[in-house]
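Participant: My structure is below; once you've seen it, I'll send some questions.
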Amino acid sequence: MEKNDWYKVREVAYASLIGGGVVSSKKMSKEKFMPLEDKVKEEVNKDQVNAFMKAQMEYLKNKKNGTK
């Protein structure tokens, strides 16, 4: 099947999903429902993970001490 046909199939399937009240259109986009584009997900490097973990630990420490 051509890609253009898949867009049509996705449109009909998404409309029936949203129209049936199963899922809100605010919670699920068409692309999230049935991705058709090959998008590369961006990887998170170790420095970003370490910075996040450090910030989380500091937050938990401050929360425990009652400060903001």
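In the structure tokens, chains take letters A, B, ... by order of appearance, with residues numbered from 1 within each chain and ligands from 1 in the order shown.
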Mind checking DSSP for chain A and telling me the alpha helix (DSSP H) residues as a PyMOL selection string?
Facilitator: chain A and resi 3-19+30-33+46-65
Participant: Which residues, written as a PDB file with C-alpha atoms, in the first residue's frame, have at least one atom at most 9 Å from stretch 35-39 of chain A, with only C-alpha atoms counted and residues fewer than 5 positions away on the same chain left out?
Facilitator:
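Heads up, here's the output in result04.pdb:
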```pdb
ATOM      1  CA  LYS A   3       1.956   6.001   1.963  1.00  0.00           C
ATOM      2  CA  TRP A   6      -2.002   4.868   4.853  1.00  0.00           C
ATOM      3  CA  TYR A   7      -2.813   8.513   5.591  1.00  0.00           C
ATOM      4  CA  ARG A  10      -5.208   6.566   9.647  1.00  0.00           C
ATOM      5  CA  LYS A  30      -3.047  11.303  14.962  1.00  0.00           C
TER       6      LYS A  30
END
```
Participant: Can you list, as a list in words, every protein, DNA or RNA residue that comes within 12 Å of A:Met34 when you count only C-alpha atoms, leaving out same-chain residues fewer than 6 positions away?
Facilitator: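 Within the cut-off, the hits are Trp6, Tyr7, Lys8, Val9, Arg10, Glu11, Val12, Ala13, Tyr14, Leu17 and Met28 of chain A.
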Participant: If you measure from atom CA of A:Glu31 to atom CA of A:Ile18, what distance in Å do you get, rounded to one decimal?
Facilitator: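 Atom CA of A:Ile18 lies at a distance of 13.6 Å from atom CA of A:Glu31.
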Participant: So what do you get for atom CA of A:Ser29 versus atom CA of A:Lys41, distance-wise?
Facilitator: 17.3 Å
Participant: Just give me the gap between atom CA of A:Val23 and atom CA of A:Asp5 in Å, one decimal is fine.
Facilitator: 23.6 Å
